[in-house]
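What follows is final-v8.csv (CSV, C-alpha atoms and all ligand atoms).
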chain,number,residue,atom,x,y,z
D,2,MET,CA,17.9,15.5,7.5
D,3,ARG,CA,14.9,14.8,9.8
D,4,HIS,CA,12.0,15.7,7.5
D,5,LEU,CA,11.4,15.9,3.7
D,6,LEU,CA,9.2,18.9,3.2
D,7,SER,CA,10.6,20.6,0.1
D,8,ALA,CA,12.8,19.6,-2.8
D,9,GLY,CA,14.4,23.0,-2.4
D,10,ASP,CA,15.7,21.9,1.0
D,11,LEU,CA,18.0,19.2,-0.6
D,12,SER,CA,21.6,20.0,-1.3
D,13,ARG,CA,23.1,18.4,-4.4
D,14,ASP,CA,24.9,15.8,-2.2
D,15,GLU,CA,21.7,14.9,-0.3
D,16,ALA,CA,19.7,14.5,-3.4
D,17,THR,CA,22.3,12.4,-5.1
D,18,LEU,CA,22.6,10.2,-2.0
D,19,ILE,CA,18.8,9.6,-2.1
D,20,LEU,CA,19.0,8.7,-5.9
D,21,ASP,CA,22.0,6.4,-5.3
D,22,THR,CA,20.3,4.7,-2.3
D,23,ALA,CA,17.2,4.2,-4.4
D,24,GLY,CA,19.3,2.5,-7.1
D,25,GLU,CA,20.7,0.0,-4.5
D,26,LEU,CA,17.3,-0.7,-3.0
D,27,ALA,CA,15.7,-1.3,-6.4
D,28,GLN,CA,17.4,-4.7,-6.3
D,29,VAL,CA,15.1,-5.8,-3.5
D,30,GLY,CA,12.2,-5.6,-6.0
D,31,ASP,CA,14.0,-8.2,-8.2
D,32,ARG,CA,14.2,-10.8,-5.4
D,33,SER,CA,11.7,-13.6,-4.7
D,34,VAL,CA,11.4,-12.3,-1.1
D,35,LYS,CA,11.0,-8.5,-1.6
D,36,LYS,CA,11.8,-7.5,2.0
D,37,LEU,CA,14.6,-6.0,4.2
D,38,PRO,CA,14.5,-5.9,8.0
D,39,THR,CA,15.8,-2.3,8.1
D,40,LEU,CA,12.7,-0.6,9.7
D,41,ARG,CA,11.5,-3.6,11.8
D,42,GLY,CA,9.8,-2.1,14.9
D,43,ARG,CA,9.2,1.3,13.3
D,44,THR,CA,5.8,2.7,12.5
D,45,VAL,CA,4.9,4.7,9.4
D,46,VAL,CA,1.6,6.5,9.2
D,47,ASN,CA,0.2,7.4,5.7
D,48,LEU,CA,-2.0,10.5,6.5
D,49,PHE,CA,-3.9,11.3,3.3
D,50,TYR,CA,-6.4,14.2,3.2
D,51,GLU,CA,-6.5,14.1,-0.6
D,52,ASP,CA,-7.0,11.3,-3.1
D,53,SER,CA,-4.0,9.4,-4.3
D,54,THR,CA,-3.4,6.2,-6.3
D,55,ARG,CA,0.4,6.1,-6.9
D,56,THR,CA,1.9,8.1,-4.0
D,57,ARG,CA,-0.1,6.4,-1.3
D,58,THR,CA,0.3,2.8,-2.5
D,59,SER,CA,4.0,3.2,-3.2
D,60,PHE,CA,4.7,4.7,0.2
D,61,GLU,CA,2.8,1.8,1.7
D,62,LEU,CA,4.7,-0.8,-0.3
D,63,ALA,CA,8.1,1.0,0.3
D,64,ALA,CA,7.5,0.9,4.1
D,65,LYS,CA,6.4,-2.7,4.0
D,66,ARG,CA,9.4,-3.8,2.0
D,67,LEU,CA,11.6,-2.3,4.8
D,68,SER,CA,9.5,-4.3,7.4
D,69,ALA,CA,7.9,-1.2,9.0
D,70,ASP,CA,4.5,-1.4,10.5
D,71,VAL,CA,2.2,0.8,8.3
D,72,ILE,CA,-1.0,2.6,9.3
D,73,ASN,CA,-3.1,4.0,6.4
D,74,PHE,CA,-5.2,6.9,7.5
D,75,SER,CA,-7.7,8.5,5.1
D,76,ALA,CA,-9.5,11.7,6.1
D,77,LYS,CA,-12.6,10.2,4.4
D,78,GLY,CA,-14.2,7.8,7.0
D,79,SER,CA,-12.2,9.2,9.9
D,80,SER,CA,-13.1,11.6,12.8
D,81,VAL,CA,-11.9,14.4,10.5
D,82,SER,CA,-15.6,14.4,9.3
D,83,LYS,CA,-16.6,15.1,12.9
D,84,GLY,CA,-14.5,18.3,12.9
D,85,GLU,CA,-11.2,16.9,14.4
D,86,SER,CA,-8.3,19.2,13.4
D,87,LEU,CA,-5.0,18.2,11.7
D,88,LYS,CA,-3.1,18.9,14.9
D,89,ASP,CA,-5.3,16.7,17.0
D,90,THR,CA,-5.3,14.0,14.4
D,91,ALA,CA,-1.5,14.1,14.2
D,92,LEU,CA,-1.1,14.1,18.0
D,93,THR,CA,-3.4,11.1,18.2
D,94,LEU,CA,-1.3,9.2,15.7
D,95,GLN,CA,1.9,10.2,17.5
D,96,ALA,CA,0.4,8.9,20.8
D,97,MET,CA,0.2,5.5,19.0
D,98,GLY,CA,4.0,5.7,18.4
D,99,ALA,CA,4.3,6.9,14.8
D,100,ASP,CA,8.0,7.3,13.9
D,101,GLY,CA,7.3,8.8,10.5
D,102,VAL,CA,4.2,10.5,9.0
D,103,VAL,CA,3.6,10.7,5.3
D,104,ILE,CA,1.1,13.5,4.7
D,105,ARG,CA,-0.9,14.6,1.6
D,106,HIS,CA,-3.1,17.7,2.2
D,107,SER,CA,-4.9,20.2,0.1
D,108,ALA,CA,-3.4,23.1,2.1
D,109,SER,CA,0.0,24.3,1.0
D,110,GLY,CA,2.3,24.3,4.1
D,111,ALA,CA,0.4,21.6,6.0
D,112,PRO,CA,3.5,19.3,6.3
D,113,HIS,CA,5.5,22.2,7.6
D,114,ARG,CA,2.9,22.8,10.4
D,115,LEU,CA,2.9,19.1,11.2
D,116,ALA,CA,6.6,19.1,11.6
D,117,ASN,CA,6.3,21.6,14.4
D,118,TRP,CA,3.8,19.5,16.3
D,119,ILE,CA,5.1,15.9,16.2
D,120,ASP,CA,8.4,14.3,17.2
D,121,GLY,CA,8.7,11.9,14.3
D,122,SER,CA,9.8,12.6,10.7
D,123,VAL,CA,7.4,14.3,8.3
D,124,LEU,CA,7.4,13.4,4.6
D,125,ASN,CA,5.5,15.7,2.2
D,126,ALA,CA,3.4,13.5,-0.2
D,127,GLY,CA,2.0,16.6,-1.9
D,128,ASP,CA,0.6,19.8,-0.2
D,129,GLY,CA,-1.9,21.9,-2.2
D,130,THR,CA,-0.2,23.7,-5.1
D,131,HIS,CA,3.1,23.9,-3.3
D,132,GLU,CA,5.4,20.8,-3.4
D,133,HIS,CA,5.6,17.1,-4.1
D,134,PRO,CA,9.3,16.3,-3.4
D,135,THR,CA,9.3,12.5,-3.7
D,136,GLN,CA,7.6,12.9,-7.1
D,137,ALA,CA,10.5,15.1,-8.3
D,138,LEU,CA,13.0,12.7,-6.8
D,139,LEU,CA,11.5,9.7,-8.6
D,140,ASP,CA,11.3,11.8,-11.8
D,141,ALA,CA,15.0,12.7,-11.5
D,142,PHE,CA,15.8,9.0,-10.8
D,143,THR,CA,13.9,8.0,-14.0
D,144,MET,CA,15.7,10.6,-16.1
D,145,ARG,CA,19.1,9.5,-14.9
D,146,ALA,CA,18.2,5.8,-15.4
D,147,ARG,CA,17.0,6.4,-19.0
D,148,LEU,CA,19.4,9.1,-20.2
D,149,GLY,CA,22.5,8.4,-18.0
D,150,ARG,CA,22.9,11.9,-16.6
D,151,LEU,CA,21.1,14.9,-15.1
D,152,GLU,CA,23.9,17.5,-15.6
D,153,GLY,CA,23.1,19.7,-18.6
D,154,LEU,CA,19.8,17.8,-19.4
D,155,ARG,CA,17.2,20.0,-21.0
D,156,VAL,CA,13.8,19.4,-19.4
D,157,ALA,CA,10.5,21.0,-20.5
D,158,VAL,CA,7.7,20.9,-17.9
D,159,VAL,CA,4.4,21.5,-19.8
D,160,GLY,CA,0.8,22.3,-18.8
D,161,ASP,CA,-0.9,23.5,-15.7
D,162,ILE,CA,2.1,25.0,-14.0
D,163,LEU,CA,-0.1,27.3,-11.9
D,164,HIS,CA,-1.7,24.5,-9.9
D,165,SER,CA,1.2,22.1,-10.0
D,166,ARG,CA,3.2,21.0,-7.0
D,167,VAL,CA,5.1,18.6,-9.2
D,168,ALA,CA,6.3,21.5,-11.4
D,169,ARG,CA,7.7,23.5,-8.5
D,170,SER,CA,9.5,20.5,-6.9
D,171,ASN,CA,10.9,19.4,-10.2
D,172,VAL,CA,12.2,22.9,-11.1
D,173,LEU,CA,13.9,23.2,-7.6
D,174,LEU,CA,15.4,19.7,-7.6
D,175,LEU,CA,16.5,19.4,-11.2
D,176,THR,CA,18.2,22.8,-11.1
D,177,THR,CA,20.1,21.7,-8.0
D,178,LEU,CA,21.2,18.6,-9.9
D,179,GLY,CA,22.5,20.6,-12.9
D,180,ALA,CA,19.6,20.3,-15.4
D,181,HIS,CA,18.1,23.2,-17.4
D,182,VAL,CA,14.4,23.5,-17.0
D,183,THR,CA,11.8,25.4,-19.1
D,184,VAL,CA,8.2,25.6,-18.0
D,185,VAL,CA,5.7,25.8,-20.8
D,186,ALA,CA,2.0,26.9,-20.3
D,187,PRO,CA,-0.7,29.2,-21.6
D,188,PRO,CA,-0.3,32.6,-19.8
D,189,THR,CA,-3.4,31.9,-17.7
D,190,LEU,CA,-1.8,28.7,-16.3
D,191,MET,CA,1.5,30.3,-15.5
D,192,PRO,CA,2.1,31.5,-11.9
D,193,VAL,CA,2.6,35.3,-11.6
D,194,SER,CA,5.8,34.6,-9.6
D,195,VAL,CA,7.3,32.3,-12.2
D,196,HIS,CA,10.0,34.7,-13.1
D,197,THR,CA,11.5,34.2,-9.6
D,198,TRP,CA,11.8,30.5,-10.3
D,199,PRO,CA,15.2,29.2,-11.4
D,200,CYS,CA,14.0,28.2,-14.9
D,201,GLN,CA,13.2,29.5,-18.4
D,202,VAL,CA,9.6,30.4,-19.2
D,203,SER,CA,7.9,29.8,-22.6
D,204,TYR,CA,4.3,30.0,-23.9
D,205,HIS,CA,5.1,28.1,-27.1
D,206,LEU,CA,5.4,24.3,-26.9
D,207,ASP,CA,6.4,23.9,-30.5
D,208,GLU,CA,9.4,26.1,-30.1
D,209,VAL,CA,10.6,24.2,-27.0
D,210,LEU,CA,10.1,20.6,-28.2
D,211,PRO,CA,13.1,20.3,-30.6
D,212,GLU,CA,15.4,21.6,-27.8
D,213,SER,CA,14.3,19.2,-25.1
D,214,ASP,CA,15.8,15.9,-23.8
D,215,VAL,CA,12.8,15.4,-21.6
D,216,VAL,CA,9.2,16.6,-22.0
D,217,MET,CA,7.2,16.2,-18.8
D,218,MET,CA,3.4,16.6,-19.4
D,219,LEU,CA,1.2,17.8,-16.6
D,220,ARG,CA,-2.5,17.2,-16.0
D,221,VAL,CA,-4.8,20.2,-16.0
D,222,GLN,CA,-6.1,20.2,-12.4
D,223,ALA,CA,-9.7,21.0,-12.9
D,224,GLU,CA,-10.5,20.2,-9.2
D,225,ARG,CA,-8.4,23.3,-8.2
D,226,MET,CA,-9.9,25.6,-10.8
D,227,HIS,CA,-12.7,28.0,-9.8
D,228,ASP,CA,-12.7,29.9,-13.0
D,229,SER,CA,-12.2,29.3,-16.7
D,230,PHE,CA,-8.5,29.2,-17.7
D,231,PHE,CA,-8.8,28.4,-21.4
D,232,PRO,CA,-11.7,28.4,-24.0
D,233,SER,CA,-12.1,24.7,-24.5
D,234,VAL,CA,-10.4,21.3,-24.0
D,235,ARG,CA,-10.0,21.1,-27.7
D,236,GLU,CA,-8.1,24.4,-27.9
D,237,TYR,CA,-5.9,23.5,-24.9
D,238,SER,CA,-5.1,20.2,-26.6
D,239,ARG,CA,-4.3,21.8,-29.9
D,240,ASN,CA,-1.8,24.2,-28.4
D,241,TYR,CA,-0.4,22.3,-25.5
D,242,GLY,CA,-1.3,18.6,-26.0
D,243,LEU,CA,1.4,16.1,-26.9
D,244,ASP,CA,0.4,13.9,-29.9
D,245,ARG,CA,2.4,11.8,-32.4
D,246,GLU,CA,3.1,14.8,-34.7
D,247,ARG,CA,4.7,16.7,-31.8
D,248,LEU,CA,6.5,13.6,-30.5
D,249,ASN,CA,8.2,13.4,-33.9
D,250,ARG,CA,9.5,17.0,-33.5
D,251,MET,CA,11.4,16.0,-30.4
D,252,PRO,CA,15.1,14.7,-30.6
D,253,GLY,CA,15.1,11.0,-31.4
D,254,ASP,CA,16.3,9.9,-28.0
D,255,ALA,CA,14.2,12.4,-26.0
D,256,ILE,CA,11.7,10.9,-23.5
D,257,VAL,CA,8.1,11.8,-22.4
D,258,MET,CA,7.2,11.8,-18.8
D,259,HIS,CA,4.0,12.2,-16.8
D,260,PRO,CA,3.5,12.1,-13.0
D,261,GLY,CA,0.0,10.7,-13.4
D,262,PRO,CA,-2.9,10.6,-13.3
D,263,MET,CA,-3.1,11.2,-17.1
D,264,VAL,CA,-6.1,12.5,-19.0
D,265,ARG,CA,-5.6,10.8,-22.3
D,266,GLY,CA,-6.8,12.9,-25.2
D,267,MET,CA,-6.2,16.2,-23.4
D,268,GLU,CA,-2.6,16.8,-22.4
D,269,ILE,CA,-1.3,13.6,-24.0
D,270,SER,CA,-2.7,11.4,-26.8
D,271,ALA,CA,-3.2,7.7,-26.1
D,272,GLU,CA,-0.7,6.9,-28.8
D,273,VAL,CA,2.1,8.9,-27.0
D,274,ALA,CA,1.1,7.6,-23.6
D,275,ASP,CA,1.5,4.0,-24.8
D,276,SER,CA,4.7,4.7,-26.7
D,277,PRO,CA,8.0,3.1,-25.5
D,278,ARG,CA,9.4,6.7,-25.2
D,279,CYS,CA,6.8,7.4,-22.5
D,280,THR,CA,8.2,6.5,-19.0
D,281,VAL,CA,4.9,6.7,-17.0
D,282,THR,CA,5.0,3.1,-15.7
D,283,GLU,CA,8.8,3.2,-15.1
D,284,GLN,CA,8.2,6.3,-13.0
D,285,VAL,CA,5.6,4.4,-10.9
D,286,ALA,CA,8.0,1.4,-10.4
D,287,ASN,CA,10.9,3.7,-9.5
D,288,GLY,CA,8.7,5.5,-7.0
D,289,VAL,CA,8.7,2.5,-4.8
D,290,SER,CA,12.6,2.3,-4.6
D,291,LEU,CA,12.8,6.0,-4.3
D,292,ARG,CA,10.4,6.1,-1.3
D,293,MET,CA,12.2,3.1,0.3
D,294,ALA,CA,15.4,5.2,0.1
D,295,VAL,CA,13.8,8.3,1.7
D,296,LEU,CA,12.2,6.2,4.5
D,297,TYR,CA,15.5,4.4,5.0
D,298,LEU,CA,17.5,7.6,5.2
D,299,LEU,CA,15.1,9.4,7.4
D,300,LEU,CA,14.0,6.6,9.8
D,301,GLY,CA,16.7,4.0,9.8
D,302,GLY,CA,19.8,4.9,7.9
D,303,SER,CA,23.0,6.6,8.7
U,1,LIG,N1,1.7,11.5,-9.2
U,1,LIG,C1,0.9,11.4,-8.1
U,1,LIG,O1,1.1,12.1,-7.1
U,1,LIG,O2,-0.2,10.6,-8.3
U,1,LIG,P1,-1.3,10.3,-7.2
U,1,LIG,O3,-2.1,11.5,-7.0
U,1,LIG,O4,-2.1,9.1,-7.7
U,1,LIG,O5,-0.6,9.9,-5.9

What does the file become when written as structure tokens?
Amino acid sequence: MRHLLSAGDLSRDEATLILDTAGELAQVGDRSVKKLPTLRGRTVVNLFYEDSTRTRTSFELAAKRLSADVINFSAKGSSVSKGESLKDTALTLQAMGADGVVIRHSASGAPHRLANWIDGSVLNAGDGTHEHPTQALLDAFTMRARLGRLEGLRVAVVGDILHSRVARSNVLLLTTLGAHVTVVAPPTLMPVSVHTWPCQVSYHLDEVLPESDVVMMLRVQAERMHDSFFPSVREYSRNYGLDRERLNRMPGDAIVMHPGPMVRGMEISAEVADSPRCTVTEQVANGVSLRMAVLYLLLGGS
């Protein structure tokens, strides 16, 4: 494996190797000196054309924990504002000796284009509405850590499926790993092609909740909407928001997940977000180990 572009490219063995490696590397975070020399002398570029809090900082921390040199490149404040193309930007960074490029871009497919232009490894950190493979991997890692298995797990992914790269990557990865996924959304926020996805489809959250081991709530991505997809926030929340009453309808040991950023009061109530059954902060912590594993296996491991 040279690049990580899509969760759908991973075989069951490859995905399991990444999760197992992340489990071993998680121990580095418990040490007083949180560093390994594994990627000393390697250079990782974080190339972010879209905003990010979790993905960008955790890729940076992961690379630094493996002793790589890290360059953080943000389109804002760079020569992109003067009209420089993605290709010329990438070739410039490669000329500086980048071994790995972590890219987030608003255009679906941008990481695939980049992989054709540069010699180093390309890691997709979220491309448009297409994929976010390391998010799906850290989500799978968190489910396995909390519930002890992925095989046969019933996972509901709820919300703005239409604009979500997290949903597509999770459906592809979790299915490969033996889980059963149901996507839940209002009809206007369900992709037309959803019936070609390897998952069940539902428009009724209340029917799906009692049958779910994991309920993954997604943010409504207003920044990608150029139209009105539902009458009001209040109505969306009433039909598809997760509050205490709905949490109580889930099996007793079922967990709530969210990739972040959360909009409290819309897709998830503050009470549920702060509940011990919600794994949001665990997902963030696991994201560092998971991204260490991916960088290690792509840039330094055997
Ligand atoms: N989950 C996620 O991708 O968060 P950021 O947009 O903050 O990176």

Within 9 Å of Thr143 (chain D) using all atoms listed in the file, minus same-chain residues under 5 positions, as a list in words: Leu138, Leu148, Thr280, Glu283, Gln284 and Asn287 of chain D

Could you jot down the CA of Asp161 (chain D) to CA of Ala186 (chain D) separation for me, Å, one decimal place?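 Computed distance, CA of Asp161 (chain D) to CA of Ala186 (chain D), equals 6.4 Å.
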
Within 9 Å of ligand LIG 1 (chain U) (all atoms listed in the file), residues as a count of residues only: 21

Restricting the calculation to only C-alpha atoms, which member of D:Ala141, D:Cys279, D:Leu210, D:Ala76 is positioned closest to Gly24 (chain D)?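 When distances to Gly24 (chain D) are compared using only C-alpha atoms, the smallest one comes from D:Ala141.
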
Give me, as a list in words, all polymer residues having an atom no more than 12 Å from Arg43 (chain D), counting all atoms listed in the file and skipping those fewer than 2 positions away in the same chain.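 Near Arg43 (chain D), the qualifying residues are Pro38, Thr39, Leu40, Arg41, Val45, Val46, Ala64, Lys65, Leu67, Ser68, Ala69, Asp70, Val71, Ile72, Met97, Gly98, Ala99, Asp100, Gly101, Val102, Gly121, Ser122, Leu296, Tyr297, Leu299, Leu300 and Gly301 of chain D.
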
Distance criterion (only C-alpha atoms): nearest to Glu246 (chain D) out of D:Ser270, D:Thr22, D:Asn125, D:Ser107: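 Closest residue, counting only C-alpha atoms: D:Ser270.
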
Separation of CA of Asp128 (chain D) from CA of Gln222 (chain D), in Å and rounded to one decimal: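 Interatomic distance, CA of Asp128 (chain D) to CA of Gln222 (chain D): 13.9 Å.
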
Top pick for closest residue to Ser194 (chain D), considering D:Arg13, D:Arg169, D:His113, D:Arg250 and counting all atoms listed in the file: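 So, comparing all the options, the nearest one is D:Arg169.
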
What is the distance, in Å and to one decimal place, between CA of Tyr204 (chain D) and CA of Arg247 (chain D)? 15.5 Å

Name all residues at most 12 Å from Thr17 (chain D) (count all atoms listed in the file; drop same-chain ones fewer than 5 positions away) and give them as a list in words.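 With the cut-off at 12 Å, the set is Leu11, Ser12, Thr22, Ala23, Gly24, Leu138, Leu139, Ala141, Phe142, Arg145, Arg150, Leu151, Glu152, Leu174, Leu175, Thr177, Leu178, Gly179, Leu291, Ala294 and Val295 of chain D.
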
Selection to disk with C-alpha atoms, as a JSON list (two decimals), in the frame of the given file:
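Output (selection-v7.json):
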[["chain", "number", "residue", "atom", "x", "y", "z"],
["D", 11, "LEU", "CA", 18.00, 19.20, -0.60],
["D", 12, "SER", "CA", 21.60, 20.00, -1.30],
["D", 22, "THR", "CA", 20.30, 4.70, -2.30],
["D", 23, "ALA", "CA", 17.20, 4.20, -4.40],
["D", 24, "GLY", "CA", 19.30, 2.50, -7.10],
["D", 138, "LEU", "CA", 13.00, 12.70, -6.80],
["D", 139, "LEU", "CA", 11.50, 9.70, -8.60],
["D", 141, "ALA", "CA", 15.00, 12.70, -11.50],
["D", 142, "PHE", "CA", 15.80, 9.00, -10.80],
["D", 145, "ARG", "CA", 19.10, 9.50, -14.90],
["D", 150, "ARG", "CA", 22.90, 11.90, -16.60],
["D", 151, "LEU", "CA", 21.10, 14.90, -15.10],
["D", 152, "GLU", "CA", 23.90, 17.50, -15.60],
["D", 174, "LEU", "CA", 15.40, 19.70, -7.60],
["D", 175, "LEU", "CA", 16.50, 19.40, -11.20],
["D", 177, "THR", "CA", 20.10, 21.70, -8.00],
["D", 178, "LEU", "CA", 21.20, 18.60, -9.90],
["D", 179, "GLY", "CA", 22.50, 20.60, -12.90],
["D", 291, "LEU", "CA", 12.80, 6.00, -4.30],
["D", 294, "ALA", "CA", 15.40, 5.20, 0.10],
["D", 295, "VAL", "CA", 13.80, 8.30, 1.70]]

Could you please give me, as a PyMOL selection string, the residues of protein, DNA or RNA lying at most 12 Å from (0.2, 21.1, 8.3) in the coordinate frame of the file, considering all atoms listed in the file? chain D and resi 6+48-50+86-91+102-119+123-129

Contacts of region 226-243 of chain D at 6 Å (all atoms listed in the file; same-chain gap of 6+ positions) as a list in words: Thr189, Met267, Glu268 and Ile269 of chain D
